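What follows is the content of upload-v7.cif, which has mmCIF, C-alpha atoms:
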data_structure
#
loop_
_atom_site.group_PDB
_atom_site.id
_atom_site.type_symbol
_atom_site.label_atom_id
_atom_site.label_comp_id
_atom_site.auth_asym_id
_atom_site.auth_seq_id
_atom_site.Cartn_x
_atom_site.Cartn_y
_atom_site.Cartn_z
ATOM 1 C CA MET A 1 -21.593 -23.066 -34.561
ATOM 2 C CA LYS A 2 -24.622 -22.301 -32.437
ATOM 3 C CA GLY A 3 -22.976 -23.833 -29.385
ATOM 4 C CA PHE A 4 -19.757 -21.944 -30.080
ATOM 5 C CA THR A 5 -21.660 -18.660 -30.426
ATOM 6 C CA SER A 6 -23.444 -19.272 -27.139
ATOM 7 C CA LEU A 7 -20.140 -19.983 -25.424
ATOM 8 C CA VAL A 8 -18.634 -16.748 -26.708
ATOM 9 C CA THR A 9 -21.726 -14.832 -25.605
ATOM 10 C CA ILE A 10 -21.552 -16.320 -22.113
ATOM 11 C CA SER A 11 -17.854 -15.469 -21.899
ATOM 12 C CA ALA A 12 -18.460 -11.884 -23.034
ATOM 13 C CA LEU A 13 -21.250 -11.364 -20.529
ATOM 14 C CA ALA A 14 -19.229 -12.890 -17.710
ATOM 15 C CA SER A 15 -16.265 -10.637 -18.457
ATOM 16 C CA GLN A 16 -18.476 -7.624 -17.723
ATOM 17 C CA ALA A 17 -19.528 -8.901 -14.323
ATOM 18 C CA ILE A 18 -17.759 -8.332 -11.044
ATOM 19 C CA ALA A 19 -17.967 -10.896 -8.288
ATOM 20 C CA HIS A 20 -18.316 -9.561 -4.765
ATOM 21 C CA THR A 21 -17.606 -11.493 -1.586
ATOM 22 C CA ILE A 22 -15.960 -10.984 1.807
ATOM 23 C CA PHE A 23 -14.428 -13.453 4.305
ATOM 24 C CA GLN A 24 -16.080 -12.207 7.499
ATOM 25 C CA GLU A 25 -16.471 -14.958 10.090
ATOM 26 C CA LEU A 26 -14.214 -17.667 11.539
ATOM 27 C CA TYR A 27 -15.091 -20.852 13.411
ATOM 28 C CA VAL A 28 -12.551 -22.711 15.576
ATOM 29 C CA ASN A 29 -13.332 -26.366 16.268
ATOM 30 C CA GLY A 30 -16.851 -25.596 15.052
ATOM 31 C CA VAL A 31 -17.325 -22.644 17.411
ATOM 32 C CA ASP A 32 -18.256 -19.331 15.802
ATOM 33 C CA GLN A 33 -15.888 -16.592 16.969
ATOM 34 C CA GLY A 34 -18.321 -13.811 16.080
ATOM 35 C CA HIS A 35 -19.394 -11.752 13.099
ATOM 36 C CA LEU A 36 -16.469 -9.571 11.882
ATOM 37 C CA THR A 37 -14.502 -10.552 15.001
ATOM 38 C CA GLY A 38 -10.738 -10.624 14.551
ATOM 39 C CA ILE A 39 -10.933 -10.099 10.771
ATOM 40 C CA ARG A 40 -9.881 -7.038 8.786
ATOM 41 C CA VAL A 41 -12.812 -6.530 6.457
ATOM 42 C CA PRO A 42 -13.200 -3.847 3.768
ATOM 43 C CA VAL A 43 -16.177 -1.538 3.414
ATOM 44 C CA TYR A 44 -16.373 -2.458 -0.263
ATOM 45 C CA ASP A 45 -16.505 -6.046 -1.526
ATOM 46 C CA GLY A 46 -14.819 -5.467 -4.885
ATOM 47 C CA PRO A 47 -11.767 -7.355 -6.201
ATOM 48 C CA ILE A 48 -8.053 -6.726 -6.505
ATOM 49 C CA THR A 49 -6.884 -7.397 -10.080
ATOM 50 C CA ASP A 50 -3.221 -6.305 -9.937
ATOM 51 C CA VAL A 51 -0.946 -9.124 -8.726
ATOM 52 C CA THR A 52 1.845 -6.604 -8.052
ATOM 53 C CA SER A 53 -0.264 -4.496 -5.664
ATOM 54 C CA ASN A 54 0.262 -4.439 -1.903
ATOM 55 C CA ASP A 55 -3.540 -4.620 -1.674
ATOM 56 C CA LEU A 56 -3.172 -8.289 -2.617
ATOM 57 C CA ILE A 57 -1.835 -8.991 0.887
ATOM 58 C CA CYS A 58 -4.804 -8.307 3.178
ATOM 59 C CA ASN A 59 -6.936 -5.874 1.149
ATOM 60 C CA GLY A 60 -7.666 -2.526 2.832
ATOM 61 C CA GLY A 61 -6.079 -0.218 0.245
ATOM 62 C CA ILE A 62 -8.393 0.648 -2.629
ATOM 63 C CA ASN A 63 -11.044 -1.118 -0.536
ATOM 64 C CA PRO A 64 -10.544 0.668 2.827
ATOM 65 C CA TYR A 65 -11.057 -1.267 6.048
ATOM 66 C CA TYR A 66 -14.390 -1.079 7.808
ATOM 67 C CA GLN A 67 -14.033 0.964 11.011
ATOM 68 C CA PRO A 68 -13.388 0.275 13.762
ATOM 69 C CA ILE A 69 -10.948 -2.474 12.783
ATOM 70 C CA SER A 70 -11.402 -5.396 15.150
ATOM 71 C CA LYS A 71 -8.609 -5.722 17.708
ATOM 72 C CA ALA A 72 -9.619 -9.266 18.627
ATOM 73 C CA ILE A 73 -7.000 -12.004 18.330
ATOM 74 C CA ILE A 74 -8.638 -15.380 17.845
ATOM 75 C CA ASN A 75 -7.210 -18.246 19.867
ATOM 76 C CA VAL A 76 -6.575 -21.401 17.777
ATOM 77 C CA PRO A 77 -4.863 -24.556 19.071
ATOM 78 C CA ALA A 78 -2.413 -25.934 16.498
ATOM 79 C CA GLY A 79 -3.943 -28.835 14.585
ATOM 80 C CA SER A 80 -7.497 -27.533 14.986
ATOM 81 C CA PRO A 81 -10.009 -27.330 12.151
ATOM 82 C CA VAL A 82 -11.117 -23.815 11.319
ATOM 83 C CA THR A 83 -13.923 -22.669 9.041
ATOM 84 C CA ALA A 84 -13.874 -19.429 7.078
ATOM 85 C CA GLU A 85 -17.274 -18.035 6.102
ATOM 86 C CA TRP A 86 -17.830 -15.743 3.105
ATOM 87 C CA HIS A 87 -20.785 -13.563 2.190
ATOM 88 C CA HIS A 88 -21.745 -11.050 -0.472
ATOM 89 C CA THR A 89 -21.978 -8.076 1.919
ATOM 90 C CA LEU A 90 -20.994 -7.336 5.507
ATOM 91 C CA ASP A 91 -24.596 -7.962 6.550
ATOM 92 C CA GLY A 92 -23.797 -11.685 6.464
ATOM 93 C CA ALA A 93 -25.945 -14.493 5.135
ATOM 94 C CA ASP A 94 -28.879 -13.450 2.967
ATOM 95 C CA PRO A 95 -30.885 -16.377 1.524
ATOM 96 C CA SER A 96 -32.846 -13.940 -0.660
ATOM 97 C CA ASP A 97 -29.663 -12.742 -2.409
ATOM 98 C CA PRO A 98 -28.834 -14.930 -5.453
ATOM 99 C CA ALA A 99 -25.230 -13.675 -5.288
ATOM 100 C CA ASP A 100 -24.703 -14.703 -1.668
ATOM 101 C CA PRO A 101 -22.078 -15.839 -0.781
ATOM 102 C CA VAL A 102 -20.879 -15.068 -4.336
ATOM 103 C CA ASP A 103 -22.431 -15.217 -7.776
ATOM 104 C CA PRO A 104 -22.378 -18.934 -8.685
ATOM 105 C CA GLY A 105 -21.196 -18.086 -12.197
ATOM 106 C CA HIS A 106 -17.859 -16.937 -10.830
ATOM 107 C CA LYS A 107 -15.558 -19.960 -10.781
ATOM 108 C CA GLY A 108 -12.133 -20.381 -9.275
ATOM 109 C CA PRO A 109 -9.966 -21.688 -6.436
ATOM 110 C CA VAL A 110 -10.142 -20.962 -2.703
ATOM 111 C CA MET A 111 -6.946 -20.900 -0.621
ATOM 112 C CA ALA A 112 -5.597 -20.204 2.870
ATOM 113 C CA TYR A 113 -2.184 -18.908 3.966
ATOM 114 C CA LEU A 114 -0.494 -18.146 7.286
ATOM 115 C CA ALA A 115 2.224 -15.611 8.171
ATOM 116 C CA LYS A 116 3.908 -15.471 11.585
ATOM 117 C CA VAL A 117 3.923 -11.973 13.069
ATOM 118 C CA ASN A 118 5.022 -10.255 16.271
ATOM 119 C CA ASN A 119 1.678 -8.523 16.727
ATOM 120 C CA ALA A 120 -1.403 -9.764 14.895
ATOM 121 C CA THR A 121 -3.113 -6.370 15.227
ATOM 122 C CA ASP A 122 -0.285 -4.475 13.504
ATOM 123 C CA LEU A 123 -1.715 -3.114 10.266
ATOM 124 C CA THR A 124 1.670 -3.127 8.511
ATOM 125 C CA VAL A 125 1.596 -6.253 6.353
ATOM 126 C CA THR A 126 4.288 -5.589 3.741
ATOM 127 C CA GLY A 127 7.321 -7.848 3.932
ATOM 128 C CA LEU A 128 5.585 -10.749 5.678
ATOM 129 C CA SER A 129 6.477 -14.368 4.896
ATOM 130 C CA TRP A 130 3.519 -16.555 3.938
ATOM 131 C CA PHE A 131 2.987 -20.293 3.563
ATOM 132 C CA LYS A 132 -0.052 -21.974 2.048
ATOM 133 C CA ILE A 133 -1.918 -24.366 4.334
ATOM 134 C CA TRP A 134 -4.894 -25.318 2.153
ATOM 135 C CA GLU A 135 -6.302 -25.006 -1.345
ATOM 136 C CA ASP A 136 -9.310 -26.192 -3.317
ATOM 137 C CA GLY A 137 -9.131 -25.837 -7.103
ATOM 138 C CA MET A 138 -10.932 -27.632 -9.925
ATOM 139 C CA ASP A 139 -11.722 -31.340 -9.848
ATOM 140 C CA SER A 140 -11.932 -33.777 -12.778
ATOM 141 C CA ASN A 141 -15.601 -32.884 -13.308
ATOM 142 C CA GLU A 142 -14.734 -29.188 -13.683
ATOM 143 C CA VAL A 143 -16.336 -28.374 -10.353
ATOM 144 C CA TRP A 144 -14.476 -25.539 -8.650
ATOM 145 C CA GLY A 145 -13.571 -24.676 -5.095
ATOM 146 C CA THR A 146 -15.942 -21.722 -5.327
ATOM 147 C CA ASP A 147 -18.744 -24.107 -6.358
ATOM 148 C CA ARG A 148 -18.172 -26.130 -3.206
ATOM 149 C CA MET A 149 -18.018 -22.946 -1.129
ATOM 150 C CA VAL A 150 -21.333 -21.722 -2.574
ATOM 151 C CA ALA A 151 -22.953 -25.138 -2.021
ATOM 152 C CA ASN A 152 -21.814 -25.012 1.608
ATOM 153 C CA LYS A 153 -23.405 -21.582 2.164
ATOM 154 C CA GLY A 154 -20.141 -19.673 2.146
ATOM 155 C CA LYS A 155 -18.100 -21.980 4.373
ATOM 156 C CA VAL A 156 -14.732 -23.639 3.718
ATOM 157 C CA THR A 157 -12.979 -25.766 6.333
ATOM 158 C CA PHE A 158 -9.312 -26.684 6.747
ATOM 159 C CA SER A 159 -6.860 -27.433 9.559
ATOM 160 C CA ILE A 160 -4.118 -25.337 11.134
ATOM 161 C CA PRO A 161 -0.876 -27.362 10.865
ATOM 162 C CA SER A 162 -0.084 -29.103 14.131
ATOM 163 C CA CYS A 163 3.702 -28.754 13.866
ATOM 164 C CA ILE A 164 4.162 -25.008 13.371
ATOM 165 C CA GLU A 165 5.470 -22.739 16.105
ATOM 166 C CA ALA A 166 3.133 -21.192 18.635
ATOM 167 C CA GLY A 167 2.648 -17.458 18.350
ATOM 168 C CA GLN A 168 0.651 -14.815 16.589
ATOM 169 C CA TYR A 169 -0.220 -15.189 12.919
ATOM 170 C CA LEU A 170 -2.285 -13.642 10.183
ATOM 171 C CA LEU A 171 -4.583 -16.061 8.372
ATOM 172 C CA ARG A 172 -5.078 -14.934 4.776
ATOM 173 C CA VAL A 173 -8.116 -16.571 3.130
ATOM 174 C CA GLU A 174 -8.464 -15.962 -0.604
ATOM 175 C CA MET A 175 -10.848 -16.641 -3.464
ATOM 176 C CA ILE A 176 -10.013 -16.059 -7.138
ATOM 177 C CA ALA A 177 -12.816 -15.506 -9.659
ATOM 178 C CA LEU A 178 -11.708 -16.505 -13.170
ATOM 179 C CA HIS A 179 -14.760 -15.605 -15.253
ATOM 180 C CA ALA A 180 -12.871 -12.702 -16.897
ATOM 181 C CA ALA A 181 -9.355 -14.162 -16.713
ATOM 182 C CA SER A 182 -8.807 -14.718 -20.443
ATOM 183 C CA ASN A 183 -6.781 -11.496 -20.449
ATOM 184 C CA TYR A 184 -4.707 -9.774 -17.779
ATOM 185 C CA PRO A 185 -5.777 -8.005 -15.685
ATOM 186 C CA GLY A 186 -8.934 -10.023 -15.536
ATOM 187 C CA ALA A 187 -8.757 -12.531 -12.697
ATOM 188 C CA GLN A 188 -10.414 -11.133 -9.584
ATOM 189 C CA PHE A 189 -8.719 -11.705 -6.216
ATOM 190 C CA TYR A 190 -10.670 -11.521 -2.962
ATOM 191 C CA MET A 191 -8.825 -11.842 0.348
ATOM 192 C CA GLU A 192 -9.084 -10.829 3.975
ATOM 193 C CA CYS A 193 -6.829 -11.518 6.952
ATOM 194 C CA ALA A 194 -7.811 -12.858 10.375
ATOM 195 C CA GLN A 195 -5.741 -12.261 13.506
ATOM 196 C CA LEU A 196 -4.740 -15.472 15.295
ATOM 197 C CA GLN A 197 -2.936 -16.633 18.423
ATOM 198 C CA ILE A 198 -1.841 -20.211 17.693
ATOM 199 C CA THR A 199 -1.133 -22.275 20.797
ATOM 200 C CA GLY A 200 0.629 -25.594 21.251
ATOM 201 C CA GLY A 201 2.273 -26.685 18.021
ATOM 202 C CA GLY A 202 5.900 -27.583 17.453
ATOM 203 C CA SER A 203 9.004 -26.011 15.990
ATOM 204 C CA THR A 204 8.590 -26.388 12.220
ATOM 205 C CA GLN A 205 9.261 -23.288 10.145
ATOM 206 C CA PRO A 206 7.756 -23.770 6.667
ATOM 207 C CA ALA A 207 9.234 -22.368 3.471
ATOM 208 C CA THR A 208 7.545 -19.088 2.614
ATOM 209 C CA VAL A 209 6.606 -16.732 -0.211
ATOM 210 C CA SER A 210 5.917 -13.009 -0.382
ATOM 211 C CA PHE A 211 2.862 -10.990 -1.385
ATOM 212 C CA PRO A 212 3.060 -9.423 -3.846
ATOM 213 C CA GLY A 213 5.418 -11.771 -5.654
ATOM 214 C CA ALA A 214 3.840 -15.177 -5.180
ATOM 215 C CA TYR A 215 1.640 -14.715 -8.260
ATOM 216 C CA LYS A 216 2.613 -13.589 -11.764
ATOM 217 C CA ALA A 217 0.394 -12.115 -14.462
ATOM 218 C CA THR A 218 1.408 -14.943 -16.784
ATOM 219 C CA ASP A 219 0.730 -17.792 -14.330
ATOM 220 C CA PRO A 220 -1.549 -20.397 -15.956
ATOM 221 C CA GLY A 221 -3.861 -20.146 -12.969
ATOM 222 C CA VAL A 222 -4.118 -16.355 -13.281
ATOM 223 C CA LYS A 223 -4.500 -15.907 -17.026
ATOM 224 C CA ILE A 224 -6.853 -18.606 -18.282
ATOM 225 C CA ASN A 225 -9.973 -19.040 -20.397
ATOM 226 C CA ILE A 226 -12.298 -21.204 -18.335
ATOM 227 C CA TYR A 227 -14.927 -21.243 -21.126
ATOM 228 C CA GLN A 228 -13.378 -24.282 -22.762
ATOM 229 C CA LYS A 229 -12.950 -27.924 -21.876
ATOM 230 C CA LEU A 230 -10.359 -28.031 -19.099
ATOM 231 C CA THR A 231 -8.574 -31.221 -18.110
ATOM 232 C CA SER A 232 -6.681 -29.579 -15.251
ATOM 233 C CA TYR A 233 -6.080 -26.287 -13.484
ATOM 234 C CA THR A 234 -2.854 -25.087 -11.860
ATOM 235 C CA ILE A 235 -3.637 -23.203 -8.646
ATOM 236 C CA PRO A 236 -1.424 -20.101 -8.289
ATOM 237 C CA GLY A 237 1.201 -19.851 -5.584
ATOM 238 C CA PRO A 238 3.310 -22.394 -3.703
ATOM 239 C CA SER A 239 2.482 -25.967 -2.814
ATOM 240 C CA VAL A 240 0.437 -26.597 0.306
ATOM 241 C CA PHE A 241 2.585 -27.039 3.406
ATOM 242 C CA SER A 242 1.938 -30.111 5.529
ATOM 243 C CA CYS A 243 3.689 -31.375 8.624
ATOM 244 C CA ASP A 244 4.367 -34.812 7.148
ATOM 245 C CA GLY A 245 5.992 -33.297 4.072
ATOM 246 C CA PHE A 246 3.603 -35.076 1.742
ATOM 247 C CA SER A 247 -0.064 -34.424 1.033
ATOM 248 C CA ALA A 248 -2.113 -31.992 3.059
ATOM 249 C CA PRO A 249 -4.726 -33.508 5.397
ATOM 250 C CA ALA A 250 -8.294 -33.609 4.159
ATOM 251 C CA PRO A 251 -10.374 -30.717 5.499
ATOM 252 C CA ALA A 252 -12.685 -31.437 8.388
ATOM 253 C CA PRO A 253 -16.449 -31.185 7.815
ATOM 254 C CA ALA A 254 -17.841 -27.666 7.956
ATOM 255 C CA PRO A 255 -19.988 -26.818 10.966
ATOM 256 C CA SER A 256 -23.652 -27.609 10.448
ATOM 257 C CA THR A 257 -26.287 -24.966 10.976
ATOM 258 C CA THR A 258 -28.518 -27.567 12.569
ATOM 259 C CA ALA A 259 -26.204 -30.014 14.310
ATOM 260 C CA ALA A 260 -24.897 -29.326 17.787
ATOM 261 C CA ILE A 261 -21.620 -27.439 17.781
ATOM 262 C CA PRO A 262 -18.779 -29.468 19.326
ATOM 263 C CA PRO A 263 -17.157 -27.969 22.425
ATOM 264 C CA PRO A 264 -13.751 -26.306 22.057
ATOM 265 C CA PRO A 265 -10.588 -28.004 23.405
ATOM 266 C CA SER A 266 -10.000 -27.791 27.143
ATOM 267 C CA ASN A 267 -8.579 -24.565 28.558
ATOM 268 C CA PRO A 268 -8.653 -22.496 25.358
ATOM 269 C CA ALA A 269 -7.591 -18.883 25.586
ATOM 270 C CA THR A 270 -10.466 -16.470 25.155
ATOM 271 C CA PRO A 271 -10.389 -14.133 22.141
ATOM 272 C CA VAL A 272 -10.304 -10.486 23.142
ATOM 273 C CA SER A 273 -13.069 -8.844 21.133
ATOM 274 C CA THR A 274 -13.818 -5.272 20.293
ATOM 275 C CA PRO A 275 -17.528 -4.616 19.760
ATOM 276 C CA VAL A 276 -18.298 -4.063 16.107
ATOM 277 C CA ALA A 277 -20.765 -1.418 15.072
ATOM 278 C CA SER A 278 -23.490 -2.234 12.605
ATOM 279 C CA PRO A 279 -22.053 -2.356 9.071
ATOM 280 C CA THR A 280 -24.781 -0.099 7.846
ATOM 281 C CA SER A 281 -23.234 2.733 9.868
ATOM 282 C CA ALA A 282 -19.976 2.691 7.903
ATOM 283 C CA SER A 283 -19.492 5.846 5.914
ATOM 284 C CA GLY A 284 -19.957 5.172 2.242
ATOM 285 C CA SER A 285 -20.812 1.500 2.658
ATOM 286 C CA VAL A 286 -24.390 1.763 1.480
ATOM 287 C CA ALA A 287 -23.357 3.536 -1.693
ATOM 288 C CA HIS A 288 -20.672 0.961 -2.416
ATOM 289 C CA TYR A 289 -22.915 -2.054 -1.910
ATOM 290 C CA GLY A 290 -25.629 -0.308 -3.847
ATOM 291 C CA GLN A 291 -23.279 -0.523 -6.817
ATOM 292 C CA CYS A 292 -23.097 -4.300 -6.597
ATOM 293 C CA GLY A 293 -26.661 -5.087 -7.502
ATOM 294 C CA GLY A 294 -26.291 -4.448 -11.213
ATOM 295 C CA LEU A 295 -22.872 -6.031 -11.525
ATOM 296 C CA THR A 296 -23.102 -9.501 -10.001
#
Output the structure of this file as C-alpha cells.
Amino acid sequence: MKGFTSLVTISALASQAIAHTIFQELYVNGVDQGHLTGIRVPVYDGPITDVTSNDLICNGGINPYYQPISKAIINVPAGSPVTAEWHHTLDGADPSDPADPVDPGHKGPVMAYLAKVNNATDLTVTGLSWFKIWEDGMDSNEVWGTDRMVANKGKVTFSIPSCIEAGQYLLRVEMIALHAASNYPGAQFYMECAQLQITGGGSTQPATVSFPGAYKATDPGVKINIYQKLTSYTIPGPSVFSCDGFSAPAPAPAPSTTAAIPPPPSNPATPVSTPVASPTSASGSVAHYGQCGGLT
C-alpha cells in the first residue's frame, strides 16, 4: 500500500504541473540555421490542451507569436537529416535551468509532420494537409521520446523524405506531455512550425491528415494514465510516411556540440533571414516566463 500511495501522490503532483518548451532552432545536415530563424515561435511556452483547437496546428493563438515573425525560409535538400532543438524559454539553452529543455518528469512522444504550401510565410494554416515523417514514442523499457530529447540537450534528429515533391513546406514539430493525461483535457501539446524550401526530391504525394482532426480526445495516446506499468503506447495520429512504403529510416545522429559540423551539400540555396530582436524585448514575455518558475 505504501508504494501505491506514493504512486498516487506522484500522479497528483504531476497533474498540477505544466511543462513548458519551445521548438526554436533547426539544423540542416548538421548546420545550425540560426536561433529563431524560420520558425514561428510563441511568446509564451505553455501548452495547447484542446485537440479540436486551430491552435493545435502551429500554435500562435492563445500563445501569440513572438514579433517580428521570422520571414526566413530554410533551404533543405530532400533526403537530408534535420535536427529540431527545443528549450524551456526563448533564451535558448540554459544549463542552470533544471527544466531545460523541458522538465524531465514530463513524459511523452515527439513527432514531426510536413505540409506542402504555396508560400511558407503565409500565416494562414487552417485547411492544410499534413503527413507524419517521424515519431519517437515509448520503448520496451518505458523510456520516452521526451526522455531521449532531454538526454540529448533538447535535440531530435530525423530525415526529410527523399521522394516528396520539391517546393515550400511547413515543418510541424510536436511534443506531447502525458503527466496529466489520465483525464481529458489533460495531455499537453507543444508544437511550432518551421518554414522550409525543399529542393530535389521526387513526385510522391503522401496520404495526409488535417489539424485539428488527426487527434481525438479518446485516442489511447491522448487519454492515458502513465503512472502504471505500460507494455506499449500508441502514438496519436497517422503512421509515419516513408518513401519505401515500409518502415521509416532510422534518424541520423544529432549534431555534436564538440565535433566538427559537416559541410552542407553542394550548391545549397541560402535561407533568407530576418534579424530577430532579443526575446527579452517582447512585450509581456518576461511576465509570462516569470509564471513558469513555480509550475515546472
Evaluate the PyMOL selection byres ((chain A and resi 76) around 9) against this structure - the residues, as a PyMOL selection string, please. chain A and resi 28-29+74-75+77-82+160+196-199+268-269
Using the selection just defined, write its residues with C-alpha atoms as a short mmCIF file (atom, residue, chain, number, x, y, z; two decimals), in the coordinates of the input.
data_model
loop_
_atom_site.label_atom_id
_atom_site.label_comp_id
_atom_site.auth_asym_id
_atom_site.auth_seq_id
_atom_site.Cartn_x
_atom_site.Cartn_y
_atom_site.Cartn_z
CA VAL A 28 -12.55 -22.71 15.58
CA ASN A 29 -13.33 -26.37 16.27
CA ILE A 74 -8.64 -15.38 17.84
CA ASN A 75 -7.21 -18.25 19.87
CA PRO A 77 -4.86 -24.56 19.07
CA ALA A 78 -2.41 -25.93 16.50
CA GLY A 79 -3.94 -28.84 14.58
CA SER A 80 -7.50 -27.53 14.99
CA PRO A 81 -10.01 -27.33 12.15
CA VAL A 82 -11.12 -23.82 11.32
CA ILE A 160 -4.12 -25.34 11.13
CA LEU A 196 -4.74 -15.47 15.30
CA GLN A 197 -2.94 -16.63 18.42
CA ILE A 198 -1.84 -20.21 17.69
CA THR A 199 -1.13 -22.28 20.80
CA PRO A 268 -8.65 -22.50 25.36
CA ALA A 269 -7.59 -18.88 25.59
#
Need the axis-aligned box for stretch 44-48 of chain A with 6 Å each side, so what are the centre and edges in Å to one decimal, as JSON?
{"center_x": -12.3, "center_y": -4.9, "center_z": -3.4, "size_x": 20.5, "size_y": 16.9, "size_z": 18.2}
Expand the PyMOL selection byres ((chain A and resi 146) around 8) into the individual residues it matches in the shown file, reporting them as a ChimeraX atom specification. /A:104,106-110,144-145,147-150,175
Distance query A:Asn63 at most 10 Å, only C-alpha atoms, self and fewer than 4 positions along chain excluded, as a list in words: Val41, Pro42, Val43, Tyr44, Asp45, Gly46, Pro47, Ile48, Asp55 and Asn59 of chain A
I need the output of the PyMOL selection byres ((chain A and resi 124) around 12) for this file as number ranges by chain; which residues are they? A: 54-55, 57-61, 117-123, 125-128, 170
Point out the residue among A:Val209, A:Leu56, A:Lys216, A:His179 with the least atom-to-atom distance to A:Gln228, counting only C-alpha atoms.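 Closest to A:Gln228 of all the choices is A:His179.
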In terms of all atoms listed in the file, the residue from A:Asp103, A:Asp94, A:Asp244, A:Glu85 at minimal distance from A:Ile22 is A:Glu85
Name the residues, using the chain letters and numbers of the file, that sit within 10 Å of (0.6, -26.0, 9.6) when counting all atoms listed in the file, and give them as a list in words.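 Answer for this query, in the requested form: Ala78, Gly79, Ser80, Tyr113, Leu114, Phe131, Lys132, Ile133, Trp134, Ser159, Ile160, Pro161, Ser162, Cys163, Ile164, Glu165, Gly201, Gly202, Thr204, Gln205, Pro206, Val240, Phe241, Ser242, Cys243, Asp244 and Ala248 of chain A.
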Could you check the closest approach to A:Ser70 for each of A:Ser182, A:Thr231, A:Thr89, A:Gln195 and tell me which residue wins, using all atoms listed in the file? A:Gln195
Nearest to A:Gly34, restricted to only C-alpha atoms and choosing among A:Ala194, A:His88, A:Val102, A:Ala177, comes out as A:Ala194
How many Å lie between atom CA of A:Lys229 and atom CA of A:Gln188, rounded to one decimal?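 Between these atoms lies a distance of 21.0 Å.
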So, with all atoms listed in the file as the atoms that count, which of A:Gly30, A:Leu178, A:Lys155, A:Glu192 lies closest to A:Gly137?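 Between A:Gly30, A:Leu178, A:Lys155, A:Glu192, the residue approaching A:Gly137 most closely is A:Leu178.
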d(atom CA of A:Glu142, atom CA of A:Ile226) in Å: 9.6 Å
All residues 9 Å or closer to A:Pro185, only C-alpha atoms, same chain fewer than 4 positions away omitted, as a PyMOL selection string: chain A and resi 49-51+180-181+217+222-223
The residues within 6 Å of (3.2, -8.4, -7.2), using all atoms listed in the file and the coordinates of the file, should be reported as a PyMOL selection string; which are they? chain A and resi 51-53+212-213
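The gap separating atom CA of A:Tyr227 from atom CA of A:Asn141 is 14.0 Å, in Å to one decimal.
Among the candidate residues A:Ser96, A:Ile39, A:Gly167, A:Asp91, the one lying nearest to A:Ala72 is A:Ile39, with distances computed using only C-alpha atoms.
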